[in-house]
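Engineer: Structure supplied as protein-v7.cif; contents: mmCIF, C-alpha atoms and all ligand atoms.
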data_my_file
#
loop_
_atom_site.label_atom_id
_atom_site.label_comp_id
_atom_site.auth_asym_id
_atom_site.auth_seq_id
_atom_site.Cartn_x
_atom_site.Cartn_y
_atom_site.Cartn_z
CA MET A 16 -0.69 -27.90 1.59
CA SER A 17 0.68 -31.18 0.23
CA VAL A 18 4.19 -31.28 -1.18
CA SER A 19 4.49 -32.93 -4.57
CA PRO A 20 7.93 -33.48 -6.11
CA LEU A 21 6.86 -32.31 -9.57
CA GLU A 22 8.91 -30.98 -12.45
CA PRO A 23 8.49 -27.20 -12.75
CA ASP A 24 6.32 -27.40 -15.89
CA SER A 25 3.92 -29.95 -14.51
CA LEU A 26 3.77 -27.94 -11.29
CA THR A 27 2.65 -24.90 -13.29
CA ALA A 28 -0.04 -26.97 -15.01
CA GLU A 29 -1.18 -28.44 -11.71
CA LEU A 30 -1.40 -25.10 -9.97
CA VAL A 31 -3.28 -23.48 -12.83
CA SER A 32 -5.85 -26.27 -12.77
CA ASP A 33 -6.00 -26.32 -8.97
CA GLY A 34 -5.08 -22.78 -7.91
CA LEU A 35 -7.89 -22.83 -5.38
CA ARG A 36 -5.69 -24.92 -3.08
CA PHE A 37 -4.30 -21.51 -2.05
CA GLY A 38 -7.70 -20.26 -0.98
CA ALA A 39 -11.21 -19.79 -2.25
CA GLY A 40 -12.40 -17.34 -4.84
CA GLY A 41 -11.88 -16.09 -8.35
CA PHE A 42 -9.29 -13.62 -7.13
CA VAL A 43 -6.95 -16.41 -6.10
CA ARG A 44 -7.51 -18.20 -9.41
CA ARG A 45 -6.68 -15.01 -11.33
CA TRP A 46 -3.54 -14.53 -9.23
CA VAL A 47 -2.28 -18.05 -10.02
CA GLU A 48 -3.07 -17.64 -13.72
CA GLU A 49 -1.24 -14.33 -13.85
CA LEU A 50 1.81 -15.89 -12.18
CA ALA A 51 1.74 -18.81 -14.60
CA SER A 52 1.61 -16.44 -17.56
CA LEU A 53 4.85 -14.76 -16.40
CA GLY A 54 6.81 -17.96 -17.03
CA GLU A 55 10.18 -18.86 -15.54
CA PRO A 56 12.07 -15.89 -14.09
CA PRO A 57 15.37 -15.16 -15.86
CA PRO A 58 18.49 -15.91 -13.74
CA ASP A 59 19.16 -12.27 -12.78
CA LEU A 60 15.62 -11.82 -11.43
CA ARG A 61 15.46 -15.07 -9.49
CA PRO A 62 15.29 -14.71 -5.71
CA ALA A 63 18.01 -16.21 -3.54
CA PRO A 64 16.91 -19.07 -1.25
CA LEU A 65 15.53 -17.81 2.07
CA GLU A 66 17.75 -18.93 4.95
CA PRO A 67 16.41 -18.66 8.51
CA ASP A 68 19.32 -16.62 9.94
CA ASP A 69 19.33 -14.12 7.08
CA ALA A 70 15.55 -13.84 7.19
CA ALA A 71 15.62 -13.20 10.95
CA ALA A 72 18.23 -10.47 10.52
CA LEU A 73 16.28 -8.79 7.72
CA LEU A 74 12.98 -8.95 9.61
CA ASP A 75 14.69 -7.30 12.55
CA ARG A 76 16.16 -4.60 10.30
CA LEU A 77 12.71 -3.99 8.81
CA GLY A 78 11.24 -3.51 12.29
CA VAL A 79 8.95 -6.56 12.24
CA ALA A 80 7.77 -7.53 15.74
CA GLU A 81 9.48 -10.63 17.13
CA VAL A 82 6.22 -12.51 17.65
CA ASP A 83 5.45 -12.13 13.93
CA ALA A 84 9.01 -12.83 12.86
CA LEU A 85 8.89 -16.24 14.57
CA ASP A 86 5.91 -17.32 12.44
CA VAL A 87 7.51 -15.98 9.28
CA ILE A 88 10.72 -17.92 9.91
CA ALA A 89 8.87 -21.11 10.88
CA THR A 90 7.05 -21.07 7.52
CA LEU A 91 9.89 -20.07 5.18
CA PRO A 92 9.28 -21.75 1.82
CA SER A 93 11.89 -23.55 -0.26
CA ALA A 94 11.97 -25.11 -3.70
CA ASP A 95 12.38 -28.58 -2.16
CA ARG A 96 10.07 -28.54 0.85
CA THR A 97 7.21 -26.37 -0.42
CA PRO A 98 7.50 -26.24 -4.22
CA GLU A 99 4.01 -24.71 -4.62
CA TRP A 100 4.81 -21.74 -2.42
CA TRP A 101 8.25 -21.35 -3.95
CA TRP A 102 6.68 -21.39 -7.44
CA CYS A 103 4.42 -18.47 -6.41
CA LEU A 104 7.18 -16.58 -4.63
CA GLU A 105 9.64 -16.79 -7.54
CA ARG A 106 7.09 -15.36 -9.93
CA GLU A 107 5.93 -12.65 -7.56
CA VAL A 108 9.49 -11.52 -6.93
CA TYR A 109 10.05 -11.58 -10.70
CA ARG A 110 6.93 -9.46 -11.24
CA LEU A 111 8.12 -6.88 -8.68
CA ALA A 112 11.80 -6.89 -9.63
CA SER A 113 11.12 -6.58 -13.37
CA THR A 114 8.93 -3.50 -12.77
CA MET A 115 11.17 -1.99 -10.07
CA GLY A 116 10.89 1.79 -9.98
CA ASP A 117 8.12 1.82 -12.60
CA PRO A 118 4.92 2.86 -10.83
CA ASP A 119 3.00 2.82 -14.10
CA ALA A 120 3.54 -0.91 -14.66
CA PRO A 121 0.32 -2.78 -13.82
CA ARG A 122 0.39 -4.18 -10.31
CA GLY A 123 -1.55 -7.38 -11.01
CA SER A 124 -3.48 -9.45 -8.45
CA TRP A 125 -2.14 -9.80 -4.89
CA PRO A 126 -4.23 -11.89 -2.52
CA SER A 127 -3.77 -10.65 1.02
CA PHE A 128 -4.70 -13.87 2.85
CA GLU A 129 -5.79 -11.70 5.76
CA GLY A 130 -7.39 -13.07 8.90
CA ASP A 131 -7.48 -16.35 10.72
CA ALA A 132 -9.57 -18.15 8.13
CA HIS A 133 -6.19 -18.57 6.42
CA SER A 134 -3.38 -20.87 7.55
CA VAL A 135 -0.19 -19.33 8.87
CA ASP A 136 1.60 -20.37 5.63
CA ARG A 137 -0.82 -18.30 3.60
CA ARG A 138 -0.73 -15.33 5.99
CA CYS A 139 3.08 -15.30 5.93
CA HIS A 140 3.39 -15.82 2.18
CA PHE A 141 3.55 -12.14 1.29
CA VAL A 142 6.18 -11.54 3.98
CA HIS A 143 8.32 -14.24 2.35
CA VAL A 144 7.85 -12.49 -1.00
CA ALA A 145 8.90 -9.22 0.62
CA LEU A 146 12.03 -10.74 2.17
CA ALA A 147 13.05 -12.17 -1.20
CA THR A 148 12.34 -8.88 -3.01
CA VAL A 149 14.07 -6.45 -0.62
CA PRO A 150 17.59 -7.16 -2.05
CA PHE A 151 16.31 -5.99 -5.47
CA THR A 152 14.74 -2.89 -3.88
CA LEU A 153 17.94 -2.04 -2.02
CA ASP A 154 19.92 -2.43 -5.21
CA TYR A 155 17.56 -0.09 -7.07
CA TYR A 156 17.82 2.61 -4.39
CA ALA A 157 21.61 2.21 -4.11
CA LYS A 158 22.00 2.91 -7.84
CA LEU A 159 19.95 6.10 -7.44
CA GLY A 160 21.91 7.16 -4.35
CA VAL A 161 18.78 7.54 -2.18
CA PRO A 162 19.91 7.91 1.46
CA GLY A 163 19.74 4.75 3.54
CA GLU A 164 17.49 6.28 6.19
CA VAL A 165 14.85 7.15 3.58
CA VAL A 166 15.10 3.65 2.12
CA MET A 167 14.63 1.94 5.46
CA ALA A 168 11.81 4.29 6.50
CA SER A 169 10.06 3.45 3.22
CA LEU A 170 10.54 -0.30 3.63
CA ALA A 171 9.05 -0.03 7.13
CA ASP A 172 5.65 -0.13 5.44
CA LEU A 173 5.81 -3.94 5.63
CA ALA A 174 6.15 -3.92 9.43
CA ARG A 175 3.42 -1.25 9.66
CA HIS A 176 0.97 -3.41 7.73
CA MET A 177 1.93 -6.48 9.75
CA ALA A 178 1.26 -4.48 12.94
CA ILE A 179 -2.22 -3.61 11.60
CA HIS A 180 -2.90 -7.31 10.93
CA ARG A 181 -1.88 -8.19 14.47
CA ARG A 182 -4.02 -5.38 15.91
CA VAL A 183 -7.08 -6.47 13.94
CA TYR A 184 -6.77 -10.28 14.03
CA GLY A 185 -4.26 -10.94 16.83
CA SER A 186 -2.08 -12.99 14.51
CA THR A 187 0.78 -12.79 12.01
CA GLY A 188 -0.13 -11.56 8.55
CA VAL A 189 -0.13 -8.51 6.30
CA ASP A 190 -2.92 -5.97 5.99
CA ALA A 191 -3.46 -4.88 2.34
CA ALA A 192 -0.47 -6.71 0.89
CA TRP A 193 -1.08 -5.14 -2.52
CA TRP A 194 -0.34 -1.73 -0.99
CA VAL A 195 3.02 -2.91 0.35
CA THR A 196 4.05 -3.73 -3.23
CA LEU A 197 4.48 0.05 -3.67
CA CYS A 198 7.26 0.04 -1.10
CA LEU A 199 8.85 -3.13 -2.50
CA ARG A 200 8.86 -1.69 -6.02
CA GLY A 201 10.59 1.48 -4.84
CA GLU A 202 7.71 3.66 -5.98
CA ILE A 203 6.81 5.07 -2.58
CA GLN A 204 8.99 6.92 -0.12
CA ASP A 205 8.37 7.87 3.49
CA LEU A 206 9.58 11.37 4.27
CA GLY A 207 8.69 12.35 7.81
CA CYS A 208 5.05 11.78 8.65
CA LEU A 209 3.80 11.29 5.06
CA GLN A 210 4.39 8.86 2.21
CA TYR A 211 4.76 9.91 -1.42
CA ASN A 212 4.42 7.82 -4.55
CA ARG A 213 5.40 8.78 -8.06
CA PHE A 214 2.98 8.07 -10.89
CA THR A 215 1.81 9.38 -14.24
CA LEU A 216 -1.58 11.07 -14.25
CA GLY A 217 -4.24 8.89 -15.79
CA VAL A 218 -1.81 5.99 -16.31
CA GLY A 219 -0.66 4.23 -13.13
CA ASP A 220 -2.93 2.04 -10.99
CA GLU A 221 -2.62 4.68 -8.25
CA SER A 222 -3.80 7.56 -10.41
CA PRO A 223 -6.61 9.25 -8.43
CA ALA A 224 -10.07 10.42 -9.48
CA TRP A 225 -9.18 13.54 -11.44
CA PHE A 226 -10.39 16.54 -13.49
CA ASP A 227 -12.05 15.68 -16.76
CA ASP A 228 -9.79 16.02 -19.80
CA ALA A 229 -11.06 19.42 -20.96
CA VAL A 230 -10.50 21.01 -17.53
CA ALA A 231 -7.10 19.32 -17.16
CA GLU A 232 -6.01 20.68 -20.56
CA ARG A 233 -7.12 24.15 -19.55
CA LEU A 234 -5.16 23.93 -16.28
CA GLY A 235 -2.08 23.01 -18.33
CA PRO A 236 1.20 21.27 -17.45
CA GLY A 237 1.01 19.27 -14.25
CA PHE A 238 -2.68 18.43 -14.66
CA ARG A 239 -2.92 16.64 -17.99
CA THR A 240 -3.04 12.92 -18.64
CA GLY A 241 0.57 11.78 -18.97
CA ASP A 242 2.03 14.47 -16.69
CA PRO A 243 4.25 13.36 -13.78
CA CYS A 244 2.56 13.49 -10.41
CA LEU A 245 3.05 12.58 -6.76
CA GLY A 246 0.55 10.92 -4.44
CA ILE A 247 0.48 11.85 -0.75
CA HIS A 248 -0.51 9.17 1.75
CA ILE A 249 -1.09 9.25 5.49
CA PRO A 250 0.34 6.15 7.14
CA ASP A 251 -1.55 4.51 9.96
CA GLN A 252 -1.07 6.15 13.36
CA THR A 253 1.48 8.75 12.34
CA PRO A 254 1.15 12.21 13.82
CA LEU A 255 -0.60 14.62 11.48
CA GLU A 256 0.40 17.79 13.35
CA PRO A 257 0.64 20.77 10.97
CA GLU A 258 4.33 21.42 11.70
CA GLN A 259 5.24 17.83 10.90
CA VAL A 260 3.13 17.86 7.75
CA GLU A 261 4.87 21.06 6.63
CA ALA A 262 8.31 19.58 7.34
CA SER A 263 7.40 16.48 5.35
CA LEU A 264 6.18 18.50 2.34
CA VAL A 265 9.40 20.54 2.35
CA ALA A 266 11.48 17.34 2.56
CA ALA A 267 9.49 15.79 -0.29
CA ALA A 268 10.05 18.81 -2.55
CA SER A 269 13.80 18.53 -2.23
CA HIS A 270 13.88 14.70 -2.26
CA PHE A 271 11.94 14.32 -5.49
CA ARG A 272 13.75 17.23 -7.16
CA GLN A 273 17.07 15.55 -6.40
CA TYR A 274 16.37 11.86 -7.02
CA PHE A 275 13.42 11.87 -9.42
CA PRO A 276 13.64 15.19 -11.30
CA THR A 277 11.06 16.14 -13.92
CA ALA A 278 11.14 18.76 -16.64
CA THR A 279 7.57 19.93 -16.00
CA ARG A 280 5.45 21.03 -13.06
CA ARG A 281 4.63 18.09 -10.77
CA VAL A 282 1.72 18.64 -8.42
CA ALA A 283 1.06 16.44 -5.41
CA THR A 284 -2.35 14.84 -4.94
CA CYS A 285 -4.15 13.12 -2.13
CA MET A 286 -7.21 10.91 -2.55
CA SER A 287 -8.70 10.04 0.82
CA TRP A 288 -11.64 9.96 3.18
CA LEU A 289 -9.54 12.45 5.20
CA LEU A 290 -10.32 15.14 2.61
CA ASP A 291 -14.10 14.82 2.92
CA GLY A 292 -15.28 18.35 3.78
CA GLN A 293 -18.17 16.86 5.77
CA LEU A 294 -15.68 15.97 8.52
CA ALA A 295 -15.41 19.69 9.31
CA GLU A 296 -19.07 19.60 10.39
CA TYR A 297 -18.01 17.41 13.31
CA LEU A 298 -14.31 18.05 14.04
CA PRO A 299 -12.96 21.25 15.60
CA ALA A 300 -11.38 23.74 13.20
CA GLN A 301 -8.07 23.23 15.02
CA SER A 302 -8.04 19.45 14.57
CA ASN A 303 -5.17 17.99 12.58
CA ILE A 304 -7.51 16.50 10.00
CA VAL A 305 -9.32 19.78 9.26
CA ARG A 306 -6.05 21.69 9.07
CA PHE A 307 -4.64 19.03 6.74
CA GLN A 308 -7.68 19.42 4.49
CA GLN A 309 -7.11 23.17 4.22
CA ARG A 310 -3.83 22.63 2.37
CA PHE A 311 -5.55 21.11 -0.67
CA GLU A 312 -7.60 22.37 -3.61
CA LEU A 313 -10.36 19.82 -4.12
CA ILE A 314 -11.35 18.48 -7.50
CA PRO A 315 -15.10 18.12 -8.12
CA ALA A 316 -15.17 14.33 -8.73
CA SER A 317 -15.60 12.09 -5.69
CA HIS A 318 -16.88 8.68 -4.80
CA GLU A 319 -18.70 7.07 -1.89
CA GLY A 320 -16.40 6.63 1.08
CA ASP A 321 -18.26 4.80 3.86
CA GLY A 322 -16.17 1.66 3.33
CA SER A 323 -12.92 3.61 3.32
CA LEU A 324 -13.71 5.52 6.49
CA LEU A 325 -14.85 2.37 8.27
CA GLN A 326 -11.66 0.65 7.25
CA PHE A 327 -9.30 3.40 8.40
CA VAL A 328 -11.12 4.50 11.53
CA PHE A 329 -12.52 1.21 12.84
CA ARG A 330 -10.54 -1.34 10.82
CA VAL A 331 -13.71 -3.11 9.79
CA THR A 332 -14.43 -4.17 6.22
CA GLY A 333 -17.63 -3.77 4.21
CA ASP A 334 -19.82 -0.66 4.16
CA LYS A 335 -22.78 -1.99 6.18
CA PRO A 336 -21.37 -2.71 9.65
CA ASP A 337 -23.37 -3.02 12.85
CA LEU A 338 -23.19 0.64 13.86
CA ASP A 339 -24.15 -0.21 17.45
CA ALA A 340 -21.03 -2.36 17.80
CA LEU A 341 -18.52 0.30 16.78
CA PRO A 342 -16.45 2.04 19.47
CA GLN A 343 -17.52 5.60 20.31
CA ASN A 344 -14.48 6.89 22.17
CA THR A 345 -13.26 9.73 19.94
CA THR A 346 -14.96 12.69 18.26
CA LEU A 347 -14.27 11.07 14.89
CA GLU A 348 -15.72 7.70 15.88
CA ARG A 349 -18.87 9.39 17.15
CA ALA A 350 -19.10 11.55 14.00
CA ALA A 351 -18.64 8.54 11.72
CA VAL A 352 -21.54 6.68 13.29
CA ALA A 353 -23.87 9.69 13.69
CA HIS A 354 -23.36 10.61 10.04
CA MET A 355 -24.21 7.16 8.71
CA ARG A 356 -27.07 6.71 11.14
CA SER A 357 -28.66 9.88 9.75
CA GLY A 358 -28.63 8.26 6.31
CA ARG A 359 -25.77 10.34 4.94
CA HIS A 360 -22.63 8.96 3.35
CA TRP A 361 -18.95 9.80 3.56
CA ARG A 362 -17.06 10.69 0.39
CA VAL A 363 -13.54 9.98 -0.82
CA ARG A 364 -12.19 13.25 -2.23
CA THR A 365 -9.11 14.13 -4.26
CA GLY A 366 -7.14 17.26 -3.54
CA TRP A 367 -3.97 18.72 -5.03
CA LEU A 368 -1.25 21.13 -3.96
CA ASP A 369 2.11 22.39 -5.10
CA LEU A 370 4.96 21.26 -2.87
CA PRO A 371 6.72 24.19 -1.15
CA GLU A 372 9.57 25.72 -3.20
CA GLY A 373 12.04 25.12 -0.34
C1 LIG A 401 -4.65 10.41 9.97
C2 LIG A 401 -4.61 10.29 11.47
C3 LIG A 401 -3.16 10.11 11.93
C4 LIG A 401 -5.20 11.60 12.07
O1 LIG A 401 -5.25 11.52 13.48
P1 LIG A 401 -5.12 12.84 14.38
O2 LIG A 401 -3.83 13.56 14.09
O3 LIG A 401 -5.35 12.40 15.78
O4 LIG A 401 -6.35 13.71 13.85
P2 LIG A 401 -7.16 14.87 14.56
O5 LIG A 401 -6.31 15.63 15.52
O6 LIG A 401 -7.77 15.68 13.49
O7 LIG A 401 -8.30 14.09 15.36
C5 LIG A 401 -9.58 14.63 15.59
C6 LIG A 401 -10.37 13.64 16.39
O8 LIG A 401 -10.51 12.41 15.64
C7 LIG A 401 -9.98 11.32 16.37
N1 LIG A 401 -9.33 10.41 15.40
C8 LIG A 401 -8.46 10.73 14.41
N2 LIG A 401 -8.12 9.64 13.71
C9 LIG A 401 -8.79 8.62 14.27
C10 LIG A 401 -8.84 7.24 13.95
N3 LIG A 401 -8.13 6.71 12.94
N4 LIG A 401 -9.63 6.46 14.70
C11 LIG A 401 -10.36 6.97 15.71
N5 LIG A 401 -10.36 8.28 16.05
C12 LIG A 401 -9.57 9.09 15.33
C13 LIG A 401 -9.01 11.93 17.34
O9 LIG A 401 -8.78 11.09 18.45
C14 LIG A 401 -9.71 13.22 17.69
O10 LIG A 401 -10.77 12.95 18.56
P3 LIG A 401 -10.72 13.42 20.12
O11 LIG A 401 -10.47 14.89 20.09
O12 LIG A 401 -12.05 13.02 20.68
O13 LIG A 401 -9.57 12.64 20.71
C15 LIG A 401 -5.44 9.09 11.93
O14 LIG A 401 -6.77 9.29 11.48
C16 LIG A 401 -4.99 7.77 11.35
O15 LIG A 401 -4.05 7.15 11.83
N6 LIG A 401 -5.67 7.28 10.30
C17 LIG A 401 -5.36 6.02 9.66
C18 LIG A 401 -4.56 6.25 8.39
C19 LIG A 401 -5.40 6.83 7.28
O16 LIG A 401 -6.58 6.99 7.40
N7 LIG A 401 -4.73 7.14 6.15
C20 LIG A 401 -5.40 7.65 4.98
C21 LIG A 401 -5.74 6.55 4.07
S1 LIG A 401 -6.61 7.10 2.64
#
Starting from the coordinates I provided, produce the structure as structure tokens.
Ligand SMILES: CC(C)(COP(=O)(O)OP(=O)(O)OC[C@H]1O[C@@H](n2cnc3c(N)ncnc32)[C@H](O)[C@@H]1OP(=O)(O)O)[C@@H](O)C(=O)NCCC(=O)NCCS
Structural biologist:
Amino acid sequence: MSVSPLEPDSLTAELVSDGLRFGAGGFVRRWVEELASLGEPPPDLRPAPLEPDDAAALLDRLGVAEVDALDVIATLPSADRTPEWWWCLEREVYRLASTMGDPDAPRGSWPSFEGDAHSVDRRCHFVHVALATVPFTLDYYAKLGVPGEVVMASLADLARHMAIHRRVYGSTGVDAAWWVTLCLRGEIQDLGCLQYNRFTLGVGDESPAWFDDAVAERLGPGFRTGDPCLGIHIPDQTPLEPEQVEASLVAAASHFRQYFPTATRRVATCMSWLLDGQLAEYLPAQSNIVRFQQRFELIPASHEGDGSLLQFVFRVTGDKPDLDALPQNTTLERAAVAHMRSGRHWRVRTGWLDLPEG
């Protein structure tokens, strides 16, 4: 990308009229327009310049692989050298820092720049945003007194999603950058093998498919629009053994009671392909996935889940892949293909549970 020594205001105008320099598509245009509409960040929400030594130390602390860290450091943006990238980064950090700890604040557009069709500058951009945001996240957690080990485990989501990018594309980048904003905004915490995010039912972007209003009202506190809720998420390649799941649920009950107390019942929900009851037609009753499913009460609403399953099992995008090309090594991989080949579809289901009393 060319470097133009423009005044900040004319840079904003130029980027709004030519946002597509960052990549093709309406999504990128919307992202640039949203950033422009935020305006200049106030001094207290402005990121500090990114220095190579500090960035290297933070990447190491966050568990980012060295091969990826080298690309990230080689492409660090600055207000002087790469004013376009710095313009984006400042506003993205501002957007995250000004909504820190508020999972119900709209997330906005976050282009992932995934895959090798994008330059290394683009693929590393979100990592630069993360590095510049982490000091705000650490400050937020420090004020709440959340233990350092929980904070660092939660911030490890960045390295996890960079590892997925490397596995899929063989290069530095971030898988599903928008998802990592949950960890940067302090709205998601890793406790053992599961992740938990706070949100308000029917309000936050992460609110799942849910009961209709009449049923929710009948079920009472904990189920109604506006009630506090937790989301449960299963990070990539973490063990889902029942004992570890149980330990995580117990840890979550005490963590959220202590650091994010609520006056009313707060159920935990999970919306995932992993809760599709059809999986039990193929997987043994003793499998981790089936035993995980048994913990949840399902809600009736669901949506088509072929794309989701393909993404999480095979790491392919789109819902019409070449079925013959997919690996068939595990029971789940074979089930996924056989099911779709027979003309059936996977579903994404929502379940809920009460965390253990502890
Ligand atoms: C969730 C997860 C850890 C469960 O794995 P697990 O503990 O091995 O699950 P199970 O014991 O029930 O596995 C049953 C079978 O499915 C296979 N399997 C499970 N997850 C698989 C995956 N992601 N890809 C391929 N095969 C998988 C297992 O290897 C096993 O088959 P086998 O007996 O032939 O070896 C794993 O699926 C995963 O990492 N998923 C990605 C993250 C995800 O989907 N999160 C939810 C987002 S909504």
Engineer: Can you pull out every residue with an atom within 7 Å of ligand LIG 401 (chain A)? Use all atoms listed in the file and format it as a compact mmCIF listing (two decimals) with C-alpha atoms, in the frame of the given file.
Structural biologist:
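Output saved as result.txt:
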# COMPACT_ATOMS: atom_id res chain seq x y z
CA HIS A 248 -0.51 9.17 1.75
CA ILE A 249 -1.09 9.25 5.49
CA PRO A 250 0.34 6.15 7.14
CA ASP A 251 -1.55 4.51 9.96
CA GLN A 252 -1.07 6.15 13.36
CA THR A 253 1.48 8.75 12.34
CA PRO A 254 1.15 12.21 13.82
CA LEU A 255 -0.60 14.62 11.48
CA GLU A 256 0.40 17.79 13.35
CA MET A 286 -7.21 10.91 -2.55
CA SER A 287 -8.70 10.04 0.82
CA TRP A 288 -11.64 9.96 3.18
CA LEU A 289 -9.54 12.45 5.20
CA LEU A 298 -14.31 18.05 14.04
CA SER A 302 -8.04 19.45 14.57
CA ASN A 303 -5.17 17.99 12.58
CA ILE A 304 -7.51 16.50 10.00
CA VAL A 305 -9.32 19.78 9.26
CA PHE A 327 -9.30 3.40 8.40
CA VAL A 328 -11.12 4.50 11.53
CA PHE A 329 -12.52 1.21 12.84
CA ASN A 344 -14.48 6.89 22.17
CA THR A 345 -13.26 9.73 19.94
CA THR A 346 -14.96 12.69 18.26
CA LEU A 347 -14.27 11.07 14.89
CA GLU A 348 -15.72 7.70 15.88
Engineer: Point out the residue among A:Gly116, A:Pro98, A:Gly235, A:Pro121 with the least atom-to-atom distance to Glu49 in chain A, counting all atoms listed in the file.
Structural biologist: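 The shortest atom-to-atom distance to Glu49 in chain A comes from A:Pro121.
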Engineer: Quick one: distance from CA of Arg280 in chain A to CA of Thr240 in chain A in Å, one decimal?
Structural biologist: 13.0 Å
Engineer: Ranking A:Asp190, A:Glu312, A:Glu372, A:Glu107 by minimum distance to Ser52 in chain A and counting all atoms listed in the file, which one comes first?
Structural biologist: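 Of A:Asp190, A:Glu312, A:Glu372, A:Glu107, the one nearest Ser52 in chain A is A:Glu107, counting all atoms listed in the file.
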Engineer: As a list of chain:residue names, please: the residues near Thr114 in chain A (cut-off 12 Å, all atoms listed in the file, same-chain neighbours under 2 positions excluded).
Structural biologist: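 In the requested format, the answer is A:Leu60, A:Glu107, A:Val108, A:Tyr109, A:Arg110, A:Leu111, A:Ala112, A:Gly116, A:Asp117, A:Pro118, A:Asp119, A:Ala120, A:Pro121, A:Arg122, A:Gly123, A:Thr148, A:Phe151, A:Thr152, A:Tyr155, A:Thr196, A:Leu197, A:Leu199, A:Arg200, A:Gly201, A:Glu202.
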Engineer: For each of A:Ser93, A:Ser186, A:Gln204, A:Gln309, take the minimum atom-to-atom distance to His143 in chain A, counting all atoms listed in the file, then give the residue where this is smallest.
Structural biologist: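 Closest residue, counting all atoms listed in the file: A:Ser93.
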Engineer: For His318 in chain A, work out the shell of residues within 9 Å, counting only C-alpha atoms and skipping chain neighbours fewer than 4 positions away, then give it as a list of chain:residue names.
Structural biologist: A:Ala224, A:Trp361, A:Arg362, A:Val363, A:Arg364
Engineer: For a test of reading the model, state the distance in Å between CA of Glu99 in chain A and CA of Thr27 in chain A, rounded to one decimal.
Structural biologist: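 Pair CA of Glu99 in chain A / CA of Thr27 in chain A returns 8.8 Å.
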